[in-house]
Amino acid sequence: MGQASETVRVGLGERSYDILIGGGLIASAGADIAARLPGVRVAVVTDENVAAAWLPILKQSLAEAGVAVAEVVLPPGEKTKSFAHLERVVDGILAARLERRDAVVALGGGVIGDLTGFAAGIVRRGMNFVQVPTSLLAQVDSSVGGKTGINTPRGKNLVGVFMQPRLVLADTAALDTLSAREFRAGYAEVAKYGLIDRPDFFAWLETNWREVFAGGPARTRAIAVSCQAKADVVARDEFETGDRALLNLGHTFGHALEAATDYDSGRLVHGEGVAIGMALAHRFSARMNLCSMDDAHRVEAHLRDVGLPWRMADIPGALPGADKLLDYIAQDKKVSRGALTFILTHGVGQSFIAKDVPASEVLSFLRENLAG
Ligand SMILES: NC(=O)c1ccc[n+]([C@@H]2O[C@H](COP(=O)([O-])OP(=O)(O)OC[C@H]3O[C@@H](n4cnc5c(N)ncnc54)[C@H](O)[C@@H]3O)[C@@H](O)[C@H]2O)c1
Ligand SMILES: [Zn+2]
């Protein structure tokens with residue numbers, strides 16, 4: 001069996017499952033999967049980067065546990081979340097003659113997890129699904145909560161299903177082969193959980209972030225707290241009818257910046273957009289007299305310390321004007337009579353859903369911040 005040093009249970013009735021977190025879980029995945037899904041055969045879906053570092057180790061561990069394996073290796077990158085690649089995954093599962101009670105295993109970042117979970121949800125009307133997230137973002141965010149799907153030319157994540165996994169194996173050692181930039185981007189989502197409703201966790205990160213970046217027990221702890229934070233929200237609101245929206249802290253501004261940079265990962269990756277978005281959400285809250293400017297400065301200082309971008313001026317290249325940015329925000333959000341829904345805050349760890357933010361306030365705020 002694996003060497004999980006932390007286990008987080010996602011409580012969803014009969015669809016409940018465990019997230020195991022610890023070093024070396026890929027090397028022992030076969031035993032963990034066989035113990036929970038006896039007699040299962042699996043198809044492993046991964047991308048070329050992750051396959052080079054981790055697929056042989058996962059396959060060996062499955063073989064040692066007597067689990068038969070098929071594999072589908074896809075190109076890395078957001079473009080892989082498409083109908084064309086969904087078809088390849090579906091075909092790979094069917095070609096291996098897997099049945100409903102067999103399992104589809106996602107080995108990779110959020111791209112592989114979202115695509116593979118969707119395939120597992122639709123092949124034979126739903127197969128067993130196991131997540132082995134290998135990016136920090138996937139370990140603390142995308143592998144938890146059951147949202148799966150692909151992009152279409154009309155937008156991101158527009159086609160998919162809710163599909164909870166049976167097991168999540170978050171191997172903290174996998175992050176050693178992740179680029180420093182991708183690790184930092186994932187860290188923005190870790191900090192997000194502190195800023196939403198865990199002020200003690202945010203304070204702990206301010207003190208311990210170097211150890212989180214270095215690896216070891218602090219990294220495991222940060223991932224476990226993050227998974228617990230997301231699991232709590234998901235257990236309250238699995239299908240996002242209310243509270244789950246809090247997880248979008250920093251994402252309204254962040255998505256607009258991603259769109260404004262044409263989703264060019266050379267300029268901005270998702271977590272970096274979220275970092276800038278969280279800083280803007282705090283600064284905007286201060287401007288609306290909801291929290292103090294000290295809170296906003298505190299958030300900015302932490303993002304800067306860890307090496308994340310925290311203001312729009314940190315994005316390389318020219319940005320469109322404030323009107324265009326507001327258009328992107330309005331596309332991302334429902335605008336009802338000039339009012340926008342945002343996640344705002346009363347201070348560190350005191351975020352809330354604000355449903356009636358005047359678009360005109362956002363516009364002048366963006367103008368000020370683009371200027372300085
Ligand atoms: N389902 C959800 O709830 C949810 C939540 C947040 C984000 N997402 C989705 O997640 C995706 C982003 O996920 P991501 O940031 O993990 O991107 P990603 O899957 O593209 O991974 C980032 C890069 O890191 C590489 N990589 C991953 N793990 C590695 C490892 N251990 N060693 C070396 N290289 C590795 C990948 O090949 C890729 O090049 C987006 O599509 C987003 O929509 C989904
Ligand atoms: Zn995010």
# chains A, B, ... in the order shown; residues from 1 in each chain; ligands from 1
call {"tool": "residues_near_ligand", "arguments": {"ligand": "ligand 1", "cutoff": "6 Å", "atoms": "only C-alpha atoms and all ligand atoms", "output": "PyMOL selection string"}}
result
chain A and resi 47+49-50+76-78+108-112+114+134-135+137-138+141-142+147-148+174-175+177-178
call {"tool": "residues_near_ligand", "arguments": {"ligand": "ligand 2", "cutoff": "10 Å", "atoms": "only C-alpha atoms and all ligand atoms", "output": "list of chain:residue names"}}
result
A:Leu137, A:Ala138, A:Val140, A:Asp141, A:Ser142, A:Ala185, A:Gly186, A:Ala188, A:Glu189, A:Val190, A:Lys192, A:Leu247, A:Asn248, A:Leu249, A:Gly250, A:His251, A:Gly254, A:His255, A:His270, A:Gly271, A:Glu272, A:Gly273, A:Val274, A:Ala275
call {"tool": "residues_around", "arguments": {"residues": "Gly349 in chain A", "least_positions_apart": "4", "cutoff": "8 Å", "atoms": "only C-alpha atoms", "output": "ChimeraX atom specification"}}
result
/A:194-199,202,345
call {"tool": "residues_around", "arguments": {"residues": "Ile122 in chain A", "least_positions_apart": "4", "cutoff": "10 Å", "atoms": "only C-alpha atoms", "output": "list of chain:residue names"}}
result
A:Val90, A:Gly117, A:Phe118, A:Gly126, A:Met127, A:Gly160, A:Val161, A:Met163
call {"tool": "write_last_selection", "arguments": {"atoms": "C-alpha atoms", "output": "tab-separated table (two decimals), in the first residue's frame"}}
result
chain	number	residue	atom	x	y	z
A	90	VAL	CA	-12.39	7.27	-25.97
A	117	GLY	CA	-12.45	12.63	-16.49
A	118	PHE	CA	-14.85	13.65	-19.24
A	126	GLY	CA	-19.51	6.17	-16.85
A	127	MET	CA	-16.47	4.14	-15.85
A	160	GLY	CA	-18.22	18.45	-19.93
A	161	VAL	CA	-19.77	16.55	-17.06
A	163	MET	CA	-17.63	13.17	-12.71
call {"tool": "closest_atom_pairs", "arguments": {"of": "range 258-336 of chain A", "to": "range 367-371 of chain A", "cutoff": "9 Å", "atoms": "only C-alpha atoms", "output": "CSV"}}
result
residue,atom,partner,partner_atom,distance
A:Leu280,CA,A:Asn369,CA,8.7
A:Arg311,CA,A:Asn369,CA,8.1
A:Met312,CA,A:Leu370,CA,6.8
A:Ala313,CA,A:Leu370,CA,7.3
A:Leu319,CA,A:Leu370,CA,8.6
A:Gly321,CA,A:Arg367,CA,7.7
A:Ala322,CA,A:Arg367,CA,5.4
A:Asp323,CA,A:Arg367,CA,8.5
call {"tool": "select_by_dssp", "arguments": {"residues": "range 127-359 of chain A", "states": "strand (DSSP E)", "output": "VMD selection string"}}
result
chain A and resid 128 to 133 150 to 152 155 to 159 167 to 171 339 to 345 351 to 358
call {"tool": "select_by_dssp", "arguments": {"residues": "range 169-294 of chain A", "states": "helix (DSSP H, G or I)", "output": "VMD selection string"}}
result
chain A and resid 172 to 177 180 to 197 199 to 214 217 to 236 243 to 248 251 to 260 270 to 287 293 to 294
call {"tool": "atom_distance", "arguments": {"atom1": "CA of Val306 in chain A", "atom2": "CA of Ala218 in chain A"}}
result
15.1 Å
call {"tool": "closest_residue", "arguments": {"among": "A:Val104, A:Ala51, A:Ala34, A:Leu58", "to": "Asp171 in chain A", "atoms": "only C-alpha atoms"}}
result
A:Leu58
call {"tool": "residues_around", "arguments": {"residues": "range 281-294 of chain A", "least_positions_apart": "6", "cutoff": "8 Å", "atoms": "only C-alpha atoms", "output": "MDAnalysis selection string"}}
result
chainID A and resid 249:250 253 343:347 362 365
call {"tool": "residues_around", "arguments": {"residues": "range 18-28 of chain A", "least_positions_apart": "3", "cutoff": "8 Å", "atoms": "only C-alpha atoms", "output": "PyMOL selection string"}}
result
chain A and resi 1-10+31-32+54+57-58+60-61+132+166-174+220+223-224+227
call {"tool": "write_last_selection", "arguments": {"atoms": "N, CA and C atoms", "output": "tab-separated table (two decimals), in the first residue's frame"}}
result
chain	number	residue	atom	x	y	z
A	1	MET	N	0.83	-1.21	0.00
A	1	MET	CA	0.00	0.00	0.00
A	1	MET	C	0.87	1.26	0.00
A	2	GLY	N	0.26	2.38	-0.32
A	2	GLY	CA	1.00	3.62	-0.48
A	2	GLY	C	1.51	4.22	0.82
A	3	GLN	N	2.25	5.31	0.64
A	3	GLN	CA	2.85	5.94	1.82
A	3	GLN	C	2.25	7.32	2.00
A	4	ALA	N	0.92	7.39	1.95
A	4	ALA	CA	0.30	8.70	2.10
A	4	ALA	C	0.59	9.23	3.49
A	5	SER	N	1.06	10.48	3.55
A	5	SER	CA	1.25	11.04	4.87
A	5	SER	C	0.03	11.85	5.29
A	6	GLU	N	-0.83	12.17	4.33
A	6	GLU	CA	-2.09	12.84	4.68
A	6	GLU	C	-3.20	12.27	3.79
A	7	THR	N	-4.39	12.18	4.36
A	7	THR	CA	-5.54	11.75	3.59
A	7	THR	C	-6.67	12.75	3.81
A	8	VAL	N	-7.25	13.22	2.72
A	8	VAL	CA	-8.40	14.12	2.80
A	8	VAL	C	-9.60	13.38	2.20
A	9	ARG	N	-10.68	13.32	2.94
A	9	ARG	CA	-11.88	12.65	2.47
A	9	ARG	C	-12.82	13.68	1.86
A	10	VAL	N	-13.26	13.44	0.64
A	10	VAL	CA	-14.27	14.31	0.04
A	10	VAL	C	-15.62	13.66	0.31
A	31	ALA	N	-0.81	-0.80	-6.01
A	31	ALA	CA	-1.40	-1.43	-4.82
A	31	ALA	C	-2.60	-0.64	-4.32
A	32	ASP	N	-2.50	0.69	-4.33
A	32	ASP	CA	-3.62	1.51	-3.85
A	32	ASP	C	-4.85	1.36	-4.74
A	54	TRP	N	7.18	10.07	-15.62
A	54	TRP	CA	6.44	9.28	-14.63
A	54	TRP	C	5.69	8.06	-15.14
A	57	ILE	N	7.20	4.58	-14.24
A	57	ILE	CA	7.09	4.27	-12.80
A	57	ILE	C	5.67	3.81	-12.47
A	58	LEU	N	4.67	4.52	-13.04
A	58	LEU	CA	3.28	4.13	-12.80
A	58	LEU	C	2.99	2.74	-13.39
A	60	GLN	N	5.06	0.30	-13.99
A	60	GLN	CA	5.72	-0.76	-13.23
A	60	GLN	C	4.94	-1.08	-11.97
A	61	SER	N	4.46	-0.03	-11.32
A	61	SER	CA	3.72	-0.24	-10.08
A	61	SER	C	2.40	-0.97	-10.34
A	132	VAL	N	-4.38	10.93	-10.94
A	132	VAL	CA	-3.02	11.01	-10.42
A	132	VAL	C	-2.46	12.37	-10.88
A	166	ARG	N	-12.86	7.99	-8.12
A	166	ARG	CA	-12.97	7.04	-7.02
A	166	ARG	C	-11.81	7.20	-6.05
A	167	LEU	N	-10.73	7.80	-6.53
A	167	LEU	CA	-9.50	7.93	-5.73
A	167	LEU	C	-8.63	9.00	-6.38
A	168	VAL	N	-7.96	9.80	-5.54
A	168	VAL	CA	-6.97	10.76	-6.05
A	168	VAL	C	-5.64	10.46	-5.36
A	169	LEU	N	-4.59	10.29	-6.15
A	169	LEU	CA	-3.25	10.05	-5.60
A	169	LEU	C	-2.38	11.25	-5.95
A	170	ALA	N	-2.14	12.13	-4.98
A	170	ALA	CA	-1.32	13.33	-5.20
A	170	ALA	C	0.09	13.05	-4.69
A	171	ASP	N	0.97	12.72	-5.63
A	171	ASP	CA	2.36	12.39	-5.28
A	171	ASP	C	3.16	13.69	-5.25
A	172	THR	N	3.56	14.12	-4.06
A	172	THR	CA	4.25	15.41	-3.93
A	172	THR	C	5.62	15.38	-4.62
A	173	ALA	N	6.19	14.19	-4.78
A	173	ALA	CA	7.49	14.09	-5.47
A	173	ALA	C	7.35	14.38	-6.95
A	174	ALA	N	6.15	14.16	-7.52
A	174	ALA	CA	5.94	14.44	-8.95
A	174	ALA	C	6.25	15.90	-9.26
A	220	THR	N	3.58	18.99	1.64
A	220	THR	CA	2.47	18.05	1.84
A	220	THR	C	1.35	18.71	2.62
A	223	ILE	N	-0.62	21.24	0.51
A	223	ILE	CA	-1.51	20.58	-0.44
A	223	ILE	C	-2.72	20.00	0.29
A	224	ALA	N	-2.48	19.40	1.45
A	224	ALA	CA	-3.59	18.79	2.20
A	224	ALA	C	-4.60	19.85	2.66
A	227	CYS	N	-6.57	20.94	-0.40
A	227	CYS	CA	-7.58	19.94	-0.81
A	227	CYS	C	-8.75	19.93	0.17
call {"tool": "closest_residue", "arguments": {"among": "A:Ala52, A:Leu74, A:Ala296, A:Ala65", "to": "Val40 in chain A", "atoms": "only C-alpha atoms"}}
result
A:Ala65
call {"tool": "residues_around", "arguments": {"residues": "Tyr328 in chain A", "least_positions_apart": "4", "cutoff": "9 Å", "atoms": "only C-alpha atoms", "output": "ChimeraX atom specification"}}
result
/A:253,255-257,259-260,323-324,332-333
call {"tool": "write_last_selection", "arguments": {"atoms": "all heavy atoms", "output": "mmCIF file, in the first residue's frame"}}
result
data_model
loop_
_atom_site.group_PDB
_atom_site.id
_atom_site.type_symbol
_atom_site.label_atom_id
_atom_site.label_comp_id
_atom_site.auth_asym_id
_atom_site.auth_seq_id
_atom_site.Cartn_x
_atom_site.Cartn_y
_atom_site.Cartn_z
ATOM 1 N N PHE A 253 -11.093 38.885 -12.716
ATOM 2 C CA PHE A 253 -10.019 39.690 -13.309
ATOM 3 C C PHE A 253 -9.030 38.785 -14.047
ATOM 4 O O PHE A 253 -8.562 39.107 -15.140
ATOM 5 C CB PHE A 253 -9.267 40.468 -12.219
ATOM 6 C CG PHE A 253 -10.037 41.637 -11.647
ATOM 7 C CD1 PHE A 253 -10.323 41.696 -10.283
ATOM 8 C CD2 PHE A 253 -10.449 42.695 -12.457
ATOM 9 C CE1 PHE A 253 -11.013 42.783 -9.745
ATOM 10 C CE2 PHE A 253 -11.139 43.783 -11.925
ATOM 11 C CZ PHE A 253 -11.423 43.827 -10.559
ATOM 12 N N HIS A 255 -9.367 35.781 -15.540
ATOM 13 C CA HIS A 255 -9.816 35.294 -16.847
ATOM 14 C C HIS A 255 -9.789 36.410 -17.888
ATOM 15 O O HIS A 255 -9.463 36.182 -19.051
ATOM 16 C CB HIS A 255 -11.234 34.720 -16.750
ATOM 17 C CG HIS A 255 -11.291 33.369 -16.096
ATOM 18 N ND1 HIS A 255 -12.403 32.930 -15.407
ATOM 19 C CD2 HIS A 255 -10.374 32.373 -16.015
ATOM 20 C CE1 HIS A 255 -12.151 31.712 -14.931
ATOM 21 N NE2 HIS A 255 -10.940 31.357 -15.286
ATOM 22 N N ALA A 256 -10.148 37.621 -17.474
ATOM 23 C CA ALA A 256 -10.122 38.747 -18.422
ATOM 24 C C ALA A 256 -8.691 38.983 -18.904
ATOM 25 O O ALA A 256 -8.467 39.239 -20.096
ATOM 26 C CB ALA A 256 -10.673 40.004 -17.749
ATOM 27 N N LEU A 257 -7.728 38.871 -17.994
ATOM 28 C CA LEU A 257 -6.331 39.078 -18.394
ATOM 29 C C LEU A 257 -5.833 37.938 -19.284
ATOM 30 O O LEU A 257 -5.067 38.162 -20.227
ATOM 31 C CB LEU A 257 -5.439 39.227 -17.152
ATOM 32 C CG LEU A 257 -5.721 40.492 -16.329
ATOM 33 C CD1 LEU A 257 -4.982 40.454 -14.994
ATOM 34 C CD2 LEU A 257 -5.332 41.748 -17.130
ATOM 35 N N ALA A 259 -7.718 36.278 -21.376
ATOM 36 C CA ALA A 259 -8.320 36.546 -22.688
ATOM 37 C C ALA A 259 -7.597 37.699 -23.367
ATOM 38 O O ALA A 259 -7.318 37.666 -24.567
ATOM 39 C CB ALA A 259 -9.811 36.854 -22.531
ATOM 40 N N ALA A 260 -7.262 38.730 -22.578
ATOM 41 C CA ALA A 260 -6.621 39.920 -23.140
ATOM 42 C C ALA A 260 -5.207 39.621 -23.634
ATOM 43 O O ALA A 260 -4.653 40.381 -24.438
ATOM 44 C CB ALA A 260 -6.569 41.032 -22.089
ATOM 45 N N ASP A 323 -11.742 49.715 -21.191
ATOM 46 C CA ASP A 323 -13.057 49.350 -21.764
ATOM 47 C C ASP A 323 -13.054 47.925 -22.287
ATOM 48 O O ASP A 323 -13.991 47.161 -22.085
ATOM 49 C CB ASP A 323 -13.426 50.297 -22.918
ATOM 50 C CG ASP A 323 -13.579 51.720 -22.432
ATOM 51 O OD1 ASP A 323 -12.544 52.423 -22.347
ATOM 52 O OD2 ASP A 323 -14.711 52.104 -22.096
ATOM 53 N N LYS A 324 -11.954 47.582 -22.967
ATOM 54 C CA LYS A 324 -11.846 46.247 -23.554
ATOM 55 C C LYS A 324 -11.756 45.193 -22.428
ATOM 56 O O LYS A 324 -12.388 44.126 -22.510
ATOM 57 C CB LYS A 324 -10.598 46.200 -24.449
ATOM 58 C CG LYS A 324 -10.426 44.925 -25.227
ATOM 59 C CD LYS A 324 -11.448 44.811 -26.361
ATOM 60 C CE LYS A 324 -11.441 43.402 -26.942
ATOM 61 N NZ LYS A 324 -12.686 43.093 -27.660
ATOM 62 N N ASP A 332 -17.260 37.075 -19.317
ATOM 63 C CA ASP A 332 -17.010 35.992 -18.374
ATOM 64 C C ASP A 332 -18.156 35.880 -17.362
ATOM 65 O O ASP A 332 -18.466 34.817 -16.865
ATOM 66 C CB ASP A 332 -15.685 36.268 -17.644
ATOM 67 C CG ASP A 332 -15.210 35.059 -16.863
ATOM 68 O OD1 ASP A 332 -15.083 33.991 -17.481
ATOM 69 O OD2 ASP A 332 -14.980 35.188 -15.652
ATOM 70 N N LYS A 333 -18.782 36.994 -17.071
ATOM 71 C CA LYS A 333 -19.798 37.057 -16.004
ATOM 72 C C LYS A 333 -21.131 37.475 -16.584
ATOM 73 O O LYS A 333 -21.202 38.162 -17.577
ATOM 74 C CB LYS A 333 -19.387 38.123 -14.981
ATOM 75 C CG LYS A 333 -18.159 37.776 -14.204
ATOM 76 C CD LYS A 333 -18.465 36.862 -13.070
ATOM 77 C CE LYS A 333 -17.396 35.790 -12.982
ATOM 78 N NZ LYS A 333 -17.738 34.690 -12.146
#
call {"tool": "closest_residue", "arguments": {"among": "A:Asp262, A:Gln139, A:Gly92, A:Arg154", "to": "Arg219 in chain A", "atoms": "only C-alpha atoms"}}
result
A:Gln139
call {"tool": "closest_residue", "arguments": {"among": "A:Phe83, A:Tyr193, A:Ile276, A:Gly39", "to": "Asp314 in chain A", "atoms": "only C-alpha atoms"}}
result
A:Ile276
call {"tool": "closest_residue", "arguments": {"among": "A:Arg88, A:Arg124, A:Arg267, A:Arg100", "to": "Val42 in chain A", "atoms": "only C-alpha atoms"}}
result
A:Arg100
